[in-house]
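Chemist: File upload09.pdb below, PDB, C-alpha atoms:
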```
ATOM      1  CA  MET A1006       1.451 -76.504 -53.413
ATOM      2  CA  ARG A1007       2.384 -72.893 -53.950
ATOM      3  CA  GLY A1008       0.113 -71.231 -56.487
ATOM      4  CA  GLN A1009      -2.306 -74.141 -56.837
ATOM      5  CA  ALA A1010      -5.969 -74.564 -56.075
ATOM      6  CA  PHE A1011      -8.536 -77.295 -56.515
ATOM      7  CA  VAL A1012     -12.101 -76.542 -57.551
ATOM      8  CA  VAL A1013     -14.716 -79.303 -57.366
ATOM      9  CA  PHE A1014     -17.661 -79.352 -59.767
ATOM     10  CA  SER A1015     -20.662 -81.618 -59.368
ATOM     11  CA  GLU A1016     -20.770 -82.405 -63.103
ATOM     12  CA  VAL A1017     -17.917 -82.954 -65.585
ATOM     13  CA  PRO A1018     -19.520 -80.723 -68.280
ATOM     14  CA  ASP A1019     -19.520 -77.827 -65.793
ATOM     15  CA  ALA A1020     -15.818 -78.356 -65.113
ATOM     16  CA  THR A1021     -15.103 -78.510 -68.846
ATOM     17  CA  LYS A1022     -16.986 -75.261 -69.446
ATOM     18  CA  ALA A1023     -15.030 -73.499 -66.677
ATOM     19  CA  LEU A1024     -11.711 -74.906 -67.899
ATOM     20  CA  ARG A1025     -12.332 -73.682 -71.465
ATOM     21  CA  ALA A1026     -13.557 -70.264 -70.346
ATOM     22  CA  LEU A1027     -10.693 -69.556 -67.935
ATOM     23  CA  GLN A1028      -7.694 -71.264 -69.560
ATOM     24  CA  GLY A1029      -5.019 -68.584 -69.992
ATOM     25  CA  PHE A1030      -7.053 -65.957 -68.111
ATOM     26  CA  PRO A1031      -4.706 -63.277 -66.682
ATOM     27  CA  PHE A1032      -4.644 -63.358 -62.867
ATOM     28  CA  LEU A1033      -2.079 -61.488 -60.721
ATOM     29  CA  ASP A1034       0.151 -60.848 -63.745
ATOM     30  CA  LYS A1035       0.187 -64.536 -64.739
ATOM     31  CA  GLN A1036      -1.960 -66.658 -67.004
ATOM     32  CA  LEU A1037      -4.082 -69.349 -65.383
ATOM     33  CA  ASN A1038      -3.009 -72.872 -66.333
ATOM     34  CA  LEU A1039      -5.942 -75.192 -65.706
ATOM     35  CA  GLN A1040      -6.185 -78.972 -65.941
ATOM     36  CA  TYR A1041      -8.310 -81.795 -64.620
ATOM     37  CA  SER A1042      -7.204 -83.443 -61.386
ATOM     38  CA  LYS A1043      -5.580 -86.847 -61.746
ATOM     39  CA  THR A1044      -7.357 -88.204 -58.641
ATOM     40  CA  ASP A1045     -10.790 -87.723 -57.112
ATOM     41  CA  SER A1046     -11.178 -85.198 -54.313
ATOM     42  CA  GLU A1047     -12.507 -86.153 -50.881
ATOM     43  CA  VAL A1048     -15.865 -84.634 -51.846
ATOM     44  CA  ILE A1049     -16.157 -86.827 -54.949
ATOM     45  CA  VAL A1050     -14.980 -89.932 -53.081
ATOM     46  CA  SER A1051     -17.597 -89.393 -50.369
ATOM     47  CA  LYS A1052     -20.342 -88.857 -52.974
ATOM     48  CA  LYS A1053     -19.374 -92.123 -54.655
ATOM     49  CA  GLY A1054     -19.871 -93.864 -51.322
ATOM     50  CA  ALA A1055     -16.273 -94.848 -50.583
ATOM     51  CA  SER A1056     -15.265 -94.691 -46.948
ATOM     52  CA  GLY A1057     -11.544 -94.044 -47.341
ATOM     53  CA  LYS A1058     -10.120 -90.549 -46.993
ATOM     54  CA  LYS A1059      -6.896 -89.111 -48.269
ATOM     55  CA  VAL A1060      -4.294 -88.585 -45.574
ATOM     56  CA  ASP A1061      -2.532 -85.226 -45.609
ATOM     57  CA  LYS A1062       0.899 -85.926 -44.139
ATOM     58  CA  LYS A1063       1.647 -82.213 -43.546
ATOM     59  CA  LYS A1064      -1.507 -81.770 -41.481
ATOM     60  CA  GLN A1065      -0.830 -84.961 -39.529
ATOM     61  CA  SER A1066       2.712 -83.935 -38.620
ATOM     62  CA  ALA A1067       1.556 -80.414 -37.701
ATOM     63  CA  LYS A1068      -1.130 -81.848 -35.411
ATOM     64  CA  LYS A1069       1.478 -83.962 -33.634
ATOM     65  CA  LYS A1070       3.525 -80.823 -32.880
ATOM     66  CA  THR A1071       0.663 -79.145 -31.023
ATOM     67  CA  VAL A1072       0.237 -81.835 -28.376
ATOM     68  CA  GLY A1073       1.298 -80.626 -24.939
ATOM     69  CA  GLY A1074       1.657 -76.879 -25.464
ATOM     70  CA  PRO A1075       2.061 -74.077 -27.963
ATOM     71  CA  LEU A1076       3.178 -74.843 -31.482
ATOM     72  CA  ILE A1077       6.848 -73.842 -31.705
ATOM     73  CA  VAL A1078       7.992 -73.245 -35.248
ATOM     74  CA  GLN A1079      11.458 -72.032 -36.333
ATOM     75  CA  ASP A1080      13.883 -70.015 -34.230
ATOM     76  CA  GLY A1081      11.720 -70.195 -31.114
ATOM     77  CA  GLU A1082       8.846 -68.450 -32.914
ATOM     78  CA  VAL A1083       5.501 -69.284 -31.281
ATOM     79  CA  ALA A1084       2.683 -69.925 -33.734
ATOM     80  CA  ASP A1085      -0.434 -67.796 -33.597
ATOM     81  CA  LYS A1086      -3.740 -68.194 -35.416
ATOM     82  CA  VAL A1087      -3.343 -64.714 -36.927
ATOM     83  CA  LEU A1088      -0.816 -64.101 -39.710
ATOM     84  CA  PHE A1089       0.756 -60.712 -40.419
ATOM     85  CA  ILE A1090       1.397 -60.192 -44.142
ATOM     86  CA  THR A1091       3.810 -57.537 -45.429
ATOM     87  CA  ASN A1092       5.418 -56.516 -48.723
ATOM     88  CA  LEU A1093       2.076 -56.461 -50.517
ATOM     89  CA  PRO A1094       1.777 -54.320 -53.654
ATOM     90  CA  GLU A1095      -0.023 -50.967 -53.422
ATOM     91  CA  GLU A1096      -2.963 -52.321 -55.434
ATOM     92  CA  ALA A1097      -3.500 -55.322 -53.135
ATOM     93  CA  ASN A1098      -7.002 -55.510 -51.718
ATOM     94  CA  GLU A1099      -8.974 -57.753 -49.391
ATOM     95  CA  VAL A1100     -10.351 -59.869 -52.267
ATOM     96  CA  MET A1101      -6.871 -60.629 -53.647
ATOM     97  CA  ILE A1102      -5.504 -61.689 -50.269
ATOM     98  CA  THR A1103      -8.615 -63.731 -49.485
ATOM     99  CA  MET A1104      -8.300 -65.624 -52.789
ATOM    100  CA  LEU A1105      -4.789 -66.693 -51.843
ATOM    101  CA  PHE A1106      -5.530 -67.796 -48.285
ATOM    102  CA  GLN A1107      -9.043 -69.259 -48.554
ATOM    103  CA  GLN A1108      -7.621 -72.419 -50.115
ATOM    104  CA  PHE A1109      -6.271 -73.386 -46.686
ATOM    105  CA  THR A1110      -8.286 -75.225 -44.056
ATOM    106  CA  GLY A1111      -9.459 -73.043 -41.209
ATOM    107  CA  PHE A1112      -9.334 -69.714 -43.083
ATOM    108  CA  LEU A1113     -11.625 -67.170 -41.396
ATOM    109  CA  ALA A1114     -10.999 -63.618 -42.632
ATOM    110  CA  THR A1115      -8.644 -61.082 -44.176
ATOM    111  CA  ARG A1116      -8.144 -57.582 -42.776
ATOM    112  CA  ILE A1117      -6.306 -54.860 -44.694
ATOM    113  CA  LEU A1118      -4.822 -52.223 -42.414
ATOM    114  CA  PRO A1119      -6.541 -48.898 -43.137
ATOM    115  CA  GLY A1120      -4.063 -46.178 -43.985
ATOM    116  CA  ARG A1121      -1.121 -48.625 -44.097
ATOM    117  CA  ARG A1122      -0.534 -49.864 -47.618
ATOM    118  CA  GLY A1123       1.179 -53.201 -48.151
ATOM    119  CA  MET A1124       0.085 -54.867 -44.888
ATOM    120  CA  ALA A1125      -2.720 -57.223 -43.869
ATOM    121  CA  PHE A1126      -3.811 -59.673 -41.201
ATOM    122  CA  VAL A1127      -5.227 -63.110 -42.052
ATOM    123  CA  ASP A1128      -7.197 -65.015 -39.408
ATOM    124  CA  PHE A1129      -7.359 -68.810 -39.052
ATOM    125  CA  ASP A1130      -9.265 -71.034 -36.652
ATOM    126  CA  ASN A1131      -6.099 -72.420 -35.038
ATOM    127  CA  GLU A1132      -2.303 -72.158 -34.982
ATOM    128  CA  THR A1133      -1.722 -75.348 -36.976
ATOM    129  CA  ASN A1134      -3.780 -74.207 -39.957
ATOM    130  CA  ALA A1135      -2.180 -70.759 -39.841
ATOM    131  CA  SER A1136       1.275 -72.369 -39.781
ATOM    132  CA  LEU A1137       0.503 -74.508 -42.850
ATOM    133  CA  ALA A1138      -0.706 -71.467 -44.787
ATOM    134  CA  LYS A1139       2.338 -69.454 -43.701
ATOM    135  CA  ASP A1140       4.772 -72.150 -44.820
ATOM    136  CA  SER A1141       2.983 -72.651 -48.140
ATOM    137  CA  LEU A1142       2.744 -68.982 -49.163
ATOM    138  CA  GLN A1143       5.943 -67.583 -47.631
ATOM    139  CA  GLY A1144       7.756 -65.712 -50.416
ATOM    140  CA  PHE A1145       4.868 -66.064 -52.882
ATOM    141  CA  LYS A1146       5.272 -63.426 -55.582
ATOM    142  CA  ILE A1147       1.957 -61.632 -55.597
ATOM    143  CA  SER A1148       3.410 -59.342 -58.271
ATOM    144  CA  PRO A1149       6.735 -59.435 -60.155
ATOM    145  CA  SER A1150       8.342 -57.125 -57.591
ATOM    146  CA  ASN A1151       6.525 -58.175 -54.397
ATOM    147  CA  ALA A1152       7.269 -61.442 -52.612
ATOM    148  CA  MET A1153       4.972 -61.736 -49.591
ATOM    149  CA  LYS A1154       6.537 -61.835 -46.133
ATOM    150  CA  ILE A1155       4.444 -63.732 -43.625
ATOM    151  CA  ALA A1156       4.915 -63.811 -39.858
ATOM    152  CA  PHE A1157       2.777 -64.826 -36.923
ATOM    153  CA  ALA A1158       1.067 -61.833 -35.355
ATOM    154  CA  SER A1159       2.427 -61.251 -31.855
ATOM    155  CA  LYS A1160      -0.029 -61.710 -29.015
TER     156      LYS A1160
END
```
Translate the structure of the given file into structure tokens.
Modeler:
Amino acid sequence: MRGQAFVVFSEVPDATKALRALQGFPFLDKQLNLQYSKTDSEVIVSKKGASGKKVDKKKQSAKKKTVGGPLIVQDGEVADKVLFITNLPEEANEVMITMLFQQFTGFLATRILPGRRGMAFVDFDNETNASLAKDSLQGFKISPSNAMKIAFASK
């Protein structure tokens, strides 16, 4: 789901108004491409009174990995709930980074390193959520010449 986000509106006319107003809007050197979702979100399903929930297979498999000790990712790397982001463009700010990472469950905060351009920390509530965000946004081109590099912050 790289570069995607879902926004839930309580009324269809509100969603239509937002879609028309923002279609093609320039964001991070790209034009927004908006469309209606093909399925209802969990919020809409719960409001309609249905009891079933969507099952996110990535989250389920990541939860299974954490049982019995630290989450080990690739090459013996131990997951942490803090991500270290590098290769950010000079103009990157806290709002830009937050917009990218807040779409992920468990997002807590973004911290730009004062005096060190191109670096930031992103905090999550646990290692599993941080790992999902890291895998999803690794290499994301935040500008034409800057592909983000994401690593777990060392403890």
Chemist: Given the file shown, enumerate the residues that the PyMOL selection byres ((chain A and resi 1131-1139) around 6) captures and present them as an NGL selection string.
Modeler: :A and (1084-1086 or 1111 or 1129-1130 or 1140-1143)
Chemist: May I ask for the distance between CA of Ala1156 in chain A and CA of Val1127 in chain A, given in Å to one decimal place?
Modeler: 10.4 Å
Chemist: Would you mind reading off the distance between CA of Val1087 in chain A and CA of Val1012 in chain A, one decimal, in Å?
Modeler: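 Between these atoms lies a distance of 25.3 Å.
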Chemist: May I have the residues within 12 Å of Gln1009 in chain A as number ranges by chain, using only C-alpha atoms and disregarding those fewer than 3 positions away in the same chain?
Modeler: A: 1006, 1012, 1037-1040, 1042, 1104-1109, 1141-1142, 1145
Chemist: Selection from above, C-alpha atoms, as a PDB file, keeping the file's coordinate frame, can you write it?
Modeler:
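Contents of part.pdb, freshly written:
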```
ATOM      1  CA  MET A1006       1.451 -76.504 -53.413  1.00  0.00           C
ATOM      2  CA  VAL A1012     -12.101 -76.542 -57.551  1.00  0.00           C
ATOM      3  CA  LEU A1037      -4.082 -69.349 -65.383  1.00  0.00           C
ATOM      4  CA  ASN A1038      -3.009 -72.872 -66.333  1.00  0.00           C
ATOM      5  CA  LEU A1039      -5.942 -75.192 -65.706  1.00  0.00           C
ATOM      6  CA  GLN A1040      -6.185 -78.972 -65.941  1.00  0.00           C
ATOM      7  CA  SER A1042      -7.204 -83.443 -61.386  1.00  0.00           C
ATOM      8  CA  MET A1104      -8.300 -65.624 -52.789  1.00  0.00           C
ATOM      9  CA  LEU A1105      -4.789 -66.693 -51.843  1.00  0.00           C
ATOM     10  CA  PHE A1106      -5.530 -67.796 -48.285  1.00  0.00           C
ATOM     11  CA  GLN A1107      -9.043 -69.259 -48.554  1.00  0.00           C
ATOM     12  CA  GLN A1108      -7.621 -72.419 -50.115  1.00  0.00           C
ATOM     13  CA  PHE A1109      -6.271 -73.386 -46.686  1.00  0.00           C
ATOM     14  CA  SER A1141       2.983 -72.651 -48.140  1.00  0.00           C
ATOM     15  CA  LEU A1142       2.744 -68.982 -49.163  1.00  0.00           C
ATOM     16  CA  PHE A1145       4.868 -66.064 -52.882  1.00  0.00           C
TER      17      PHE A1145
END
```
Chemist: Quick one: apply the PyMOL selection byres ((chain A and resi 1094) around 9) to the file and drop the selected residues here as a list in words.
Modeler: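 Against this file, the PyMOL selection byres ((chain A and resi 1094) around 9) returns the residues Asn1092, Leu1093, Glu1095, Glu1096, Ala1097, Arg1122, Gly1123, Met1124, Ile1147, Ser1148, Ser1150 and Asn1151 of chain A.
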Chemist: Would you save the residues of that selection, restricted to C-alpha atoms, as a PDB file, in the coordinates of the input?
Modeler:
```
ATOM      1  CA  ASN A1092       5.418 -56.516 -48.723  1.00  0.00           C
ATOM      2  CA  LEU A1093       2.076 -56.461 -50.517  1.00  0.00           C
ATOM      3  CA  GLU A1095      -0.023 -50.967 -53.422  1.00  0.00           C
ATOM      4  CA  GLU A1096      -2.963 -52.321 -55.434  1.00  0.00           C
ATOM      5  CA  ALA A1097      -3.500 -55.322 -53.135  1.00  0.00           C
ATOM      6  CA  ARG A1122      -0.534 -49.864 -47.618  1.00  0.00           C
ATOM      7  CA  GLY A1123       1.179 -53.201 -48.151  1.00  0.00           C
ATOM      8  CA  MET A1124       0.085 -54.867 -44.888  1.00  0.00           C
ATOM      9  CA  ILE A1147       1.957 -61.632 -55.597  1.00  0.00           C
ATOM     10  CA  SER A1148       3.410 -59.342 -58.271  1.00  0.00           C
ATOM     11  CA  SER A1150       8.342 -57.125 -57.591  1.00  0.00           C
ATOM     12  CA  ASN A1151       6.525 -58.175 -54.397  1.00  0.00           C
TER      13      ASN A1151
END
```
Chemist: Selection in question (the file shown): the PyMOL selection byres ((chain A and resi 1154) around 6). Which residues does it include, as a list in words?
Modeler: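 Selected by the PyMOL selection byres ((chain A and resi 1154) around 6) in this file: Ile1090, Thr1091, Gln1143, Gly1144, Met1153 and Ile1155 of chain A.
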Chemist: Which distance in Å separates CA of Thr1110 in chain A and CA of Val1017 in chain A, to one decimal?
Modeler: 24.8 Å
Chemist: Skipping near chain neighbours, those fewer than 3 positions away, what residues fall within 12 Å of Gln1028 in chain A using all atoms listed in the file, listed as a JSON list (two decimals) with C-alpha atoms, in the frame of the given file?
Modeler:
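The file below, result19.json, is the result:
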```json
[["chain", "number", "residue", "atom", "x", "y", "z"],
["A", 1020, "ALA", "CA", -15.82, -78.36, -65.11],
["A", 1021, "THR", "CA", -15.10, -78.51, -68.85],
["A", 1022, "LYS", "CA", -16.99, -75.26, -69.45],
["A", 1023, "ALA", "CA", -15.03, -73.50, -66.68],
["A", 1024, "LEU", "CA", -11.71, -74.91, -67.90],
["A", 1025, "ARG", "CA", -12.33, -73.68, -71.46],
["A", 1031, "PRO", "CA", -4.71, -63.28, -66.68],
["A", 1032, "PHE", "CA", -4.64, -63.36, -62.87],
["A", 1035, "LYS", "CA", 0.19, -64.54, -64.74],
["A", 1036, "GLN", "CA", -1.96, -66.66, -67.00],
["A", 1037, "LEU", "CA", -4.08, -69.35, -65.38],
["A", 1038, "ASN", "CA", -3.01, -72.87, -66.33],
["A", 1039, "LEU", "CA", -5.94, -75.19, -65.71],
["A", 1040, "GLN", "CA", -6.18, -78.97, -65.94],
["A", 1041, "TYR", "CA", -8.31, -81.80, -64.62]]
```
Chemist: Which neighbours of Ile1102 in chain A fall inside 9 Å, counting all atoms listed in the file, when residues of the same chain fewer than 6 positions from it are skipped, and could you give them as an mmCIF file with C-alpha atoms, keeping the file's coordinate frame?
Modeler:
```cif
data_model
loop_
_atom_site.group_PDB
_atom_site.id
_atom_site.type_symbol
_atom_site.label_atom_id
_atom_site.label_comp_id
_atom_site.auth_asym_id
_atom_site.auth_seq_id
_atom_site.Cartn_x
_atom_site.Cartn_y
_atom_site.Cartn_z
ATOM 1 C CA THR A 1115 -8.644 -61.082 -44.176
ATOM 2 C CA ARG A 1116 -8.144 -57.582 -42.776
ATOM 3 C CA ILE A 1117 -6.306 -54.860 -44.694
ATOM 4 C CA ALA A 1125 -2.720 -57.223 -43.869
ATOM 5 C CA VAL A 1127 -5.227 -63.110 -42.052
#
```
Chemist: Tell me which of A:Ala1158, A:Leu1033, A:Gly1120, A:Leu1088 sits closest to Val1100 in chain A, counting all atoms listed in the file.
Modeler: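 For Val1100 in chain A, the nearest of the candidates is A:Leu1033.
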Chemist: Using all atoms listed in the file, which residue out of A:Glu1099, A:Asp1128, A:Val1013, A:Pro1018 lies closest to Phe1112 in chain A?
Modeler: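 The answer is A:Asp1128, which sits nearest to Phe1112 in chain A.
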Chemist: Can you sort out the box for range 1117-1131 of chain A, edges along x, y and z, all listed atoms in, 8 Å on every side, with centre and edge lengths in Å to one decimal, as lines of an AutoDock Vina configuration file?
Modeler:
```
center_x = -4.0
center_y = -59.3
center_z = -41.6
size_x = 26.4
size_y = 42.2
size_z = 29.1
```
